[in-house]
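Here's start.txt, which has compact mmCIF, C-alpha atoms:
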# COMPACT_ATOMS: atom_id res chain seq x y z
CA MET N 4 -34.31 3.87 -38.85
CA THR N 5 -31.65 4.24 -36.15
CA SER N 6 -29.41 1.38 -35.04
CA THR N 7 -31.29 1.29 -31.74
CA GLY N 8 -34.57 0.98 -33.60
CA ARG N 9 -33.20 -1.85 -35.72
CA ARG N 10 -32.03 -3.73 -32.63
CA ARG N 11 -35.44 -3.37 -31.03
CA GLY N 12 -37.07 -4.48 -34.25
CA ILE N 13 -35.03 -7.69 -34.22
CA LEU N 14 -35.23 -8.42 -30.50
CA ARG N 15 -38.94 -7.84 -29.96
CA PRO N 16 -40.17 -10.61 -32.30
CA LEU N 17 -37.61 -13.03 -30.85
CA ALA N 18 -38.72 -12.17 -27.33
CA ALA N 19 -42.35 -12.69 -28.36
CA LEU N 20 -41.54 -16.18 -29.63
CA LEU N 21 -40.03 -17.14 -26.28
CA PHE N 22 -42.70 -15.36 -24.20
CA PRO N 23 -45.88 -15.01 -26.30
CA PRO N 24 -48.12 -11.97 -25.61
CA GLY N 25 -50.95 -12.46 -23.14
CA PRO N 26 -54.64 -12.78 -24.11
CA ASP N 27 -54.94 -9.00 -23.98
CA GLY N 28 -51.93 -8.57 -26.28
CA SER N 29 -49.64 -7.36 -23.51
CA GLU N 30 -45.94 -8.02 -23.89
CA SER N 31 -43.87 -10.03 -21.44
CA VAL N 32 -42.49 -8.18 -18.43
CA HIS N 33 -39.03 -9.46 -19.42
CA GLY N 34 -38.85 -7.20 -22.45
CA VAL N 35 -35.98 -8.05 -24.82
CA LEU N 36 -33.94 -9.91 -22.21
CA PRO N 37 -34.89 -13.47 -23.32
CA PRO N 38 -33.06 -13.41 -26.68
CA LEU N 39 -30.05 -11.77 -25.01
CA LEU N 40 -29.97 -14.61 -22.48
CA ILE N 41 -29.93 -17.09 -25.36
CA VAL N 42 -26.82 -15.34 -26.69
CA LEU N 43 -25.23 -15.61 -23.24
CA THR N 44 -26.07 -19.32 -23.24
CA PHE N 45 -24.21 -19.66 -26.54
CA VAL N 46 -21.25 -17.78 -25.01
CA SER N 47 -21.27 -20.22 -22.08
CA GLY N 48 -20.81 -23.08 -24.52
CA VAL N 49 -17.95 -21.26 -26.25
CA VAL N 50 -15.97 -20.49 -23.08
CA ASP N 51 -16.47 -23.98 -21.67
CA ALA N 52 -15.11 -25.38 -24.95
CA VAL N 53 -12.04 -23.17 -24.55
CA SER N 54 -11.50 -24.14 -20.92
CA TYR N 55 -12.07 -27.86 -21.37
CA LEU N 56 -10.23 -28.32 -24.65
CA GLY N 57 -7.55 -25.67 -24.25
CA LEU N 58 -6.94 -25.24 -20.53
CA GLY N 59 -6.62 -28.77 -19.20
CA HIS N 60 -10.07 -30.32 -18.81
CA VAL N 61 -11.73 -27.79 -16.53
CA PHE N 62 -15.01 -25.91 -16.88
CA VAL N 63 -15.45 -22.19 -16.25
CA ALA N 64 -19.25 -22.03 -16.71
CA ASN N 65 -20.53 -25.47 -15.72
CA MET N 66 -19.75 -25.73 -12.03
CA THR N 67 -21.57 -29.07 -11.73
CA GLY N 68 -18.93 -30.55 -14.01
CA ASN N 69 -16.13 -28.94 -11.99
CA VAL N 70 -17.38 -30.39 -8.72
CA VAL N 71 -17.52 -33.85 -10.30
CA PHE N 72 -14.07 -33.37 -11.87
CA LEU N 73 -12.72 -32.34 -8.48
CA GLY N 74 -13.97 -35.60 -7.02
CA PHE N 75 -12.39 -37.56 -9.87
CA ALA N 76 -9.09 -35.72 -9.46
CA LEU N 77 -9.03 -36.36 -5.72
CA ALA N 78 -9.73 -40.03 -6.46
CA GLY N 79 -6.53 -40.15 -8.51
CA ASP N 80 -7.44 -39.34 -12.12
CA ARG N 81 -4.20 -37.86 -13.43
CA SER N 82 -5.87 -36.32 -16.49
CA LEU N 83 -7.70 -33.86 -14.21
CA SER N 84 -6.31 -31.14 -11.96
CA ALA N 85 -7.80 -30.60 -8.51
CA PRO N 86 -6.10 -27.16 -8.16
CA ASP N 87 -7.51 -25.98 -11.50
CA SER N 88 -11.01 -27.17 -10.59
CA LEU N 89 -10.76 -25.45 -7.21
CA LEU N 90 -9.49 -22.28 -8.90
CA ALA N 91 -12.44 -22.27 -11.31
CA VAL N 92 -14.99 -22.85 -8.55
CA GLY N 93 -13.38 -20.21 -6.32
CA ALA N 94 -13.24 -17.58 -9.06
CA PHE N 95 -16.82 -18.34 -10.10
CA LEU N 96 -18.04 -17.93 -6.52
CA THR N 97 -16.08 -14.69 -6.18
CA GLY N 98 -17.78 -13.26 -9.26
CA ALA N 99 -21.20 -14.40 -8.08
CA LEU N 100 -20.56 -12.99 -4.61
CA ALA N 101 -19.48 -9.61 -5.99
CA ALA N 102 -22.54 -9.36 -8.25
CA GLY N 103 -24.82 -10.57 -5.48
CA ARG N 104 -23.78 -7.70 -3.24
CA LEU N 105 -25.09 -5.16 -5.75
CA ARG N 106 -28.71 -4.37 -4.90
CA PRO N 107 -29.78 -1.32 -6.92
CA ALA N 108 -33.09 0.23 -5.97
CA THR N 109 -34.26 -0.15 -9.55
CA GLY N 110 -33.78 -3.92 -9.55
CA ALA N 111 -31.42 -6.48 -11.00
CA GLY N 112 -32.43 -5.72 -14.59
CA ARG N 113 -30.74 -2.32 -14.28
CA MET N 114 -27.42 -4.04 -13.56
CA PHE N 115 -27.60 -6.48 -16.48
CA ALA N 116 -25.71 -4.39 -19.02
CA PRO N 117 -23.04 -3.09 -16.58
CA LEU N 118 -22.26 -6.57 -15.25
CA VAL N 119 -22.12 -8.11 -18.72
CA ALA N 120 -19.81 -5.22 -19.65
CA VAL N 121 -17.51 -6.18 -16.78
CA GLN N 122 -17.70 -9.79 -17.92
CA THR N 123 -16.69 -8.63 -21.40
CA VAL N 124 -13.59 -6.95 -19.96
CA LEU N 125 -12.69 -10.12 -18.04
CA VAL N 126 -13.06 -12.33 -21.11
CA GLY N 127 -11.07 -9.75 -23.06
CA GLY N 128 -8.35 -10.03 -20.42
CA ALA N 129 -8.37 -13.80 -20.83
CA LEU N 130 -8.08 -13.31 -24.58
CA ALA N 131 -5.07 -11.00 -24.13
CA LEU N 132 -3.36 -13.43 -21.75
CA THR N 133 -3.97 -16.32 -24.14
CA ALA N 134 -2.56 -14.37 -27.07
CA ALA N 135 0.50 -13.55 -24.95
CA GLY N 136 1.06 -17.23 -24.19
CA ALA N 137 0.08 -17.19 -20.50
CA GLY N 138 -0.50 -20.46 -18.68
CA PRO N 139 -3.97 -21.81 -17.85
CA PRO N 140 -4.44 -20.58 -14.22
CA PRO N 141 -4.89 -16.84 -14.85
CA VAL N 142 -7.05 -17.49 -17.91
CA ILE N 143 -9.22 -19.93 -15.96
CA ALA N 144 -9.57 -17.40 -13.15
CA LEU N 145 -10.68 -14.55 -15.41
CA LEU N 146 -13.15 -16.65 -17.38
CA ALA N 147 -14.69 -18.24 -14.27
CA LEU N 148 -14.92 -14.85 -12.56
CA GLY N 149 -16.83 -13.49 -15.54
CA MET N 150 -19.15 -16.48 -15.61
CA GLY N 151 -19.85 -16.00 -11.91
CA LEU N 152 -20.96 -12.42 -12.64
CA GLN N 153 -23.14 -13.63 -15.49
CA ASN N 154 -24.80 -16.35 -13.46
CA ALA N 155 -25.47 -14.04 -10.52
CA VAL N 156 -27.26 -11.39 -12.58
CA VAL N 157 -29.20 -14.05 -14.51
CA HIS N 158 -30.20 -15.61 -11.19
CA ARG N 159 -31.43 -12.24 -9.94
CA ILE N 160 -33.51 -11.34 -12.97
CA ALA N 161 -34.98 -14.88 -12.89
CA VAL N 162 -36.32 -15.22 -16.43
CA PRO N 163 -38.02 -18.65 -16.46
CA ASP N 164 -36.14 -21.49 -18.22
CA LEU N 165 -33.23 -19.25 -19.29
CA THR N 166 -30.38 -19.86 -16.84
CA THR N 167 -27.61 -19.57 -19.53
CA THR N 168 -25.48 -22.44 -18.18
CA VAL N 169 -27.58 -25.32 -16.78
CA VAL N 170 -29.55 -27.55 -19.14
CA THR N 171 -30.25 -30.58 -16.94
CA ARG N 172 -33.45 -29.02 -15.66
CA ALA N 173 -34.38 -27.88 -19.17
CA LEU N 174 -34.00 -31.41 -20.51
CA THR N 175 -36.04 -32.77 -17.62
CA GLY N 176 -38.83 -30.30 -18.31
CA LEU N 177 -38.80 -31.15 -22.01
CA ALA N 178 -39.29 -34.81 -21.22
CA ALA N 179 -41.66 -34.53 -18.27
CA ASP N 180 -43.99 -31.64 -19.22
CA ARG N 181 -46.48 -31.23 -22.04
CA TRP N 182 -45.41 -29.08 -24.95
CA GLY N 183 -45.98 -25.36 -24.50
CA PRO N 184 -44.18 -22.00 -24.54
CA ALA N 185 -41.85 -23.19 -21.77
CA SER N 186 -40.88 -26.20 -23.87
CA LEU N 187 -39.73 -23.94 -26.71
CA ARG N 188 -37.58 -21.90 -24.33
CA ARG N 189 -36.02 -25.06 -22.94
CA LEU N 190 -35.36 -26.44 -26.39
CA VAL N 191 -33.75 -23.20 -27.53
CA THR N 192 -31.61 -23.10 -24.38
CA VAL N 193 -30.29 -26.62 -24.97
CA ALA N 194 -29.66 -25.87 -28.65
CA ALA N 195 -27.83 -22.62 -27.84
CA LEU N 196 -25.48 -24.30 -25.37
CA LEU N 197 -24.85 -27.16 -27.80
CA LEU N 198 -24.15 -24.83 -30.71
CA GLY N 199 -21.91 -22.64 -28.54
CA ALA N 200 -19.90 -25.67 -27.48
CA LEU N 201 -19.72 -26.82 -31.11
CA ALA N 202 -18.56 -23.43 -32.37
CA GLY N 203 -16.10 -23.00 -29.52
CA GLY N 204 -14.80 -26.51 -29.99
CA LEU N 205 -14.27 -26.08 -33.73
CA LEU N 206 -12.50 -22.76 -33.27
CA THR N 207 -10.32 -24.04 -30.43
CA LEU N 208 -9.33 -27.29 -32.10
CA ARG N 209 -8.78 -25.88 -35.58
CA HIS N 210 -7.62 -22.32 -35.00
CA GLY N 211 -6.75 -22.01 -31.31
CA SER N 212 -8.33 -20.57 -28.19
CA VAL N 213 -7.65 -16.98 -29.24
CA TRP N 214 -10.24 -17.14 -32.01
CA ALA N 215 -12.83 -18.76 -29.77
CA LEU N 216 -12.34 -16.16 -27.04
CA ALA N 217 -12.45 -13.35 -29.60
CA SER N 218 -15.84 -14.59 -30.76
CA ALA N 219 -17.07 -14.67 -27.15
CA VAL N 220 -15.91 -11.08 -26.60
CA GLY N 221 -17.67 -9.96 -29.78
CA LEU N 222 -20.94 -11.58 -28.74
CA LEU N 223 -20.77 -10.09 -25.26
CA VAL N 224 -20.22 -6.61 -26.73
CA CYS N 225 -23.33 -7.13 -28.87
CA VAL N 226 -25.35 -8.13 -25.79
CA VAL N 227 -24.24 -5.03 -23.88
CA LEU N 228 -25.04 -2.70 -26.79
CA ALA N 229 -28.38 -4.36 -27.46
CA ARG N 230 -29.43 -4.11 -23.83
CA ALA N 231 -28.28 -0.50 -23.55
CA GLY N 232 -30.22 0.36 -26.70
CA SER N 233 -33.38 -1.33 -25.45
CA ARG N 234 -33.84 1.00 -22.47
CA ASP N 235 -35.39 4.42 -22.43
CA GLY N 236 -34.09 7.34 -20.43
CA SER N 237 -35.87 6.21 -17.26
CA GLY N 238 -34.09 2.88 -17.29
CA ARG N 239 -37.23 0.86 -18.02
CA PRO N 240 -36.93 -2.01 -20.48
CA ALA N 241 -38.12 -1.03 -23.90

Will you turn the file into structure tokens for me?
Amino acid sequence: MTSTGRRRGILRPLAALLFPPGPDGSESVHGVLPPLLIVLTFVSGVVDAVSYLGLGHVFVANMTGNVVFLGFALAGDRSLSAPDSLLAVGAFLTGALAAGRLRPATGAGRMFAPLVAVQTVLVGGALALTAAGAGPPPVIALLALGMGLQNAVVHRIAVPDLTTTVVTRALTGLAADRWGPASLRRLVTVAALLLGALAGGLLTLRHGSVWALASAVGLLVCVVLARAGSRDGSGRPA
């Protein structure tokens, strides 16, 4: 069996757990994207751990937190930096704006792998700067720019319950709705972000940000390769 076949063999059952086949046995229209989005959710937790614990209490994926931190900083909290929060929000919006301007005729799904590849390069740049001893601002900018790209493409493909960064709505749905397939997706999303933050936090606190960012780069490379291998020559999801 080829490596592409093995990847499909792993991803298809995972996708079926998150989006069970219909009554007629038909597979979800989202193909193998759902498990890949779970990996991106884990990556979001890792990079936010790096930015919060290693770059001065700022988020690069969770913009809700940054907006709140900005308010706290403007109110006089000296442990928070208004310029760093503004930089993260601005870079995030720049990435989202750039990705949002791409409107391929074949749809947003076609741009998933290329945009995650660009995100991988940006996180790799942040890794290189961190290893070289650069200060927080350029690292924050690169990470937030990459997360803006990620969020824009995830927003466009609109897979239900899998936003990769926001879990408030997932938690609300878990509490308010009856258990069903959507509940499992929400639970997995929350768990992935939590475990990503835990892994990123442990790596950052015990071994330094370089190791945490290296793990994020490795996971992003896996996502790009898995998505590229899950498409046939026509560009349709396999």

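Residue neighbourhood of Gly48 (chain N), excluding near-sequence residues (fewer than 5 positions): Leu43, Val53, Ala64, Thr168, Ala195, Leu196, Leu197, Leu198, Gly199, Ala200, Leu201, Ala202, Gly203 and Gly204 of chain N, at 9 Å, using all atoms listed in the file.
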
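Proximity ranking of N:Gly57, N:Gly183, N:Gly232, N:Gly34 relative to Leu206 (chain N) places N:Gly57 first, based on only C-alpha atoms.
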
Show me, as JSON lines, the residues of region 71-101 of chain N having an atom within 12 Å of region 132-139 of chain N, each with the closest atom pair and its distance in Å, using all atoms listed in the file.
{"residue": "N:Ser84", "atom": "CA", "partner": "N:Pro139", "partner_atom": "CA", "distance": 11.3}
{"residue": "N:Pro86", "atom": "CA", "partner": "N:Pro139", "partner_atom": "CA", "distance": 11.3}
{"residue": "N:Asp87", "atom": "CA", "partner": "N:Pro139", "partner_atom": "CA", "distance": 8.4}
{"residue": "N:Ser88", "atom": "CA", "partner": "N:Pro139", "partner_atom": "CA", "distance": 11.4}
{"residue": "N:Leu90", "atom": "CA", "partner": "N:Pro139", "partner_atom": "CA", "distance": 10.5}
{"residue": "N:Ala91", "atom": "CA", "partner": "N:Pro139", "partner_atom": "CA", "distance": 10.7}

Residues just named, written with C-alpha atoms as an mmCIF file, keeping the file's coordinate frame:
data_model
loop_
_atom_site.group_PDB
_atom_site.id
_atom_site.type_symbol
_atom_site.label_atom_id
_atom_site.label_comp_id
_atom_site.auth_asym_id
_atom_site.auth_seq_id
_atom_site.Cartn_x
_atom_site.Cartn_y
_atom_site.Cartn_z
ATOM 1 C CA SER N 84 -6.310 -31.140 -11.960
ATOM 2 C CA PRO N 86 -6.100 -27.160 -8.160
ATOM 3 C CA ASP N 87 -7.510 -25.980 -11.500
ATOM 4 C CA SER N 88 -11.010 -27.170 -10.590
ATOM 5 C CA LEU N 90 -9.490 -22.280 -8.900
ATOM 6 C CA ALA N 91 -12.440 -22.270 -11.310
#

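Minimum distance to Val169 (chain N) across N:Ala94, N:Val193, N:Leu36, N:Cys225 (counting all atoms listed in the file) occurs at N:Val193.
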
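A cut-off of 9 Å from the point (-12.2, -17.3, -16.1), with only C-alpha atoms, picks out the residues Val50, Ser54, Val63, Ala64, Ala91, Ala94, Phe95, Leu125, Val126, Ala129, Pro140, Pro141, Val142, Ile143, Ala144, Leu145, Leu146, Ala147, Leu148, Gly149, Met150 and Gly151 of chain N.
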
Self-check item: Nearest candidate to Val191 (chain N) (options N:Leu21, N:Ile13, N:Val32, N:Leu56; using only C-alpha atoms)
Solution: N:Leu21

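One finds CA of Thr67 (chain N) at 10.2 Å from CA of Thr171 (chain N).
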
Practice problem: Counting all atoms listed in the file, write as a PyMOL selection string all protein and nucleic acid residues lying at most 12 Å from (-32.2, -26.1, -14.4) in the file's frame. | Solution: chain N and resi 65+67+158+161-177+189+192-193

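Nearest residue to Val119 (chain N) among N:Val35, N:Ala178, N:Val92, N:Ala155 is N:Ala155, counting only C-alpha atoms.
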
Quiz item: Which neighbours of Ala217 (chain N) fall inside 9 Å, counting all atoms listed in the file, when residues of the same chain fewer than 5 positions from it are skipped, and could you give them as a PyMOL selection string?
Solution: chain N and resi 126-127+130+212+222

Please determine an axis-aligned box that encloses all atoms of region 26-43 of chain N listed in the file, with 3 Å added on each side, and express its centre and edge lengths in Å to one decimal as AutoDock Vina command-line options.
--center_x -40.1 --center_y -12.1 --center_z -22.6 --size_x 35.7 --size_y 15.9 --size_z 14.3

Quiz item: Could you work out how far CA of Pro38 (chain N) lies from CA of Gly221 (chain N), giving the answer in Å with one decimal?
Solution: 16.1 Å

Self-check item: Interatomic distance, CA of Val46 (chain N) to CA of Leu216 (chain N) (Å, one decimal)
Solution: 9.3 Å

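Closest approach to Leu17 (chain N) among N:Ala99, N:Leu58, N:Leu39, N:Leu228 is made by N:Leu39 (distances from all atoms listed in the file).
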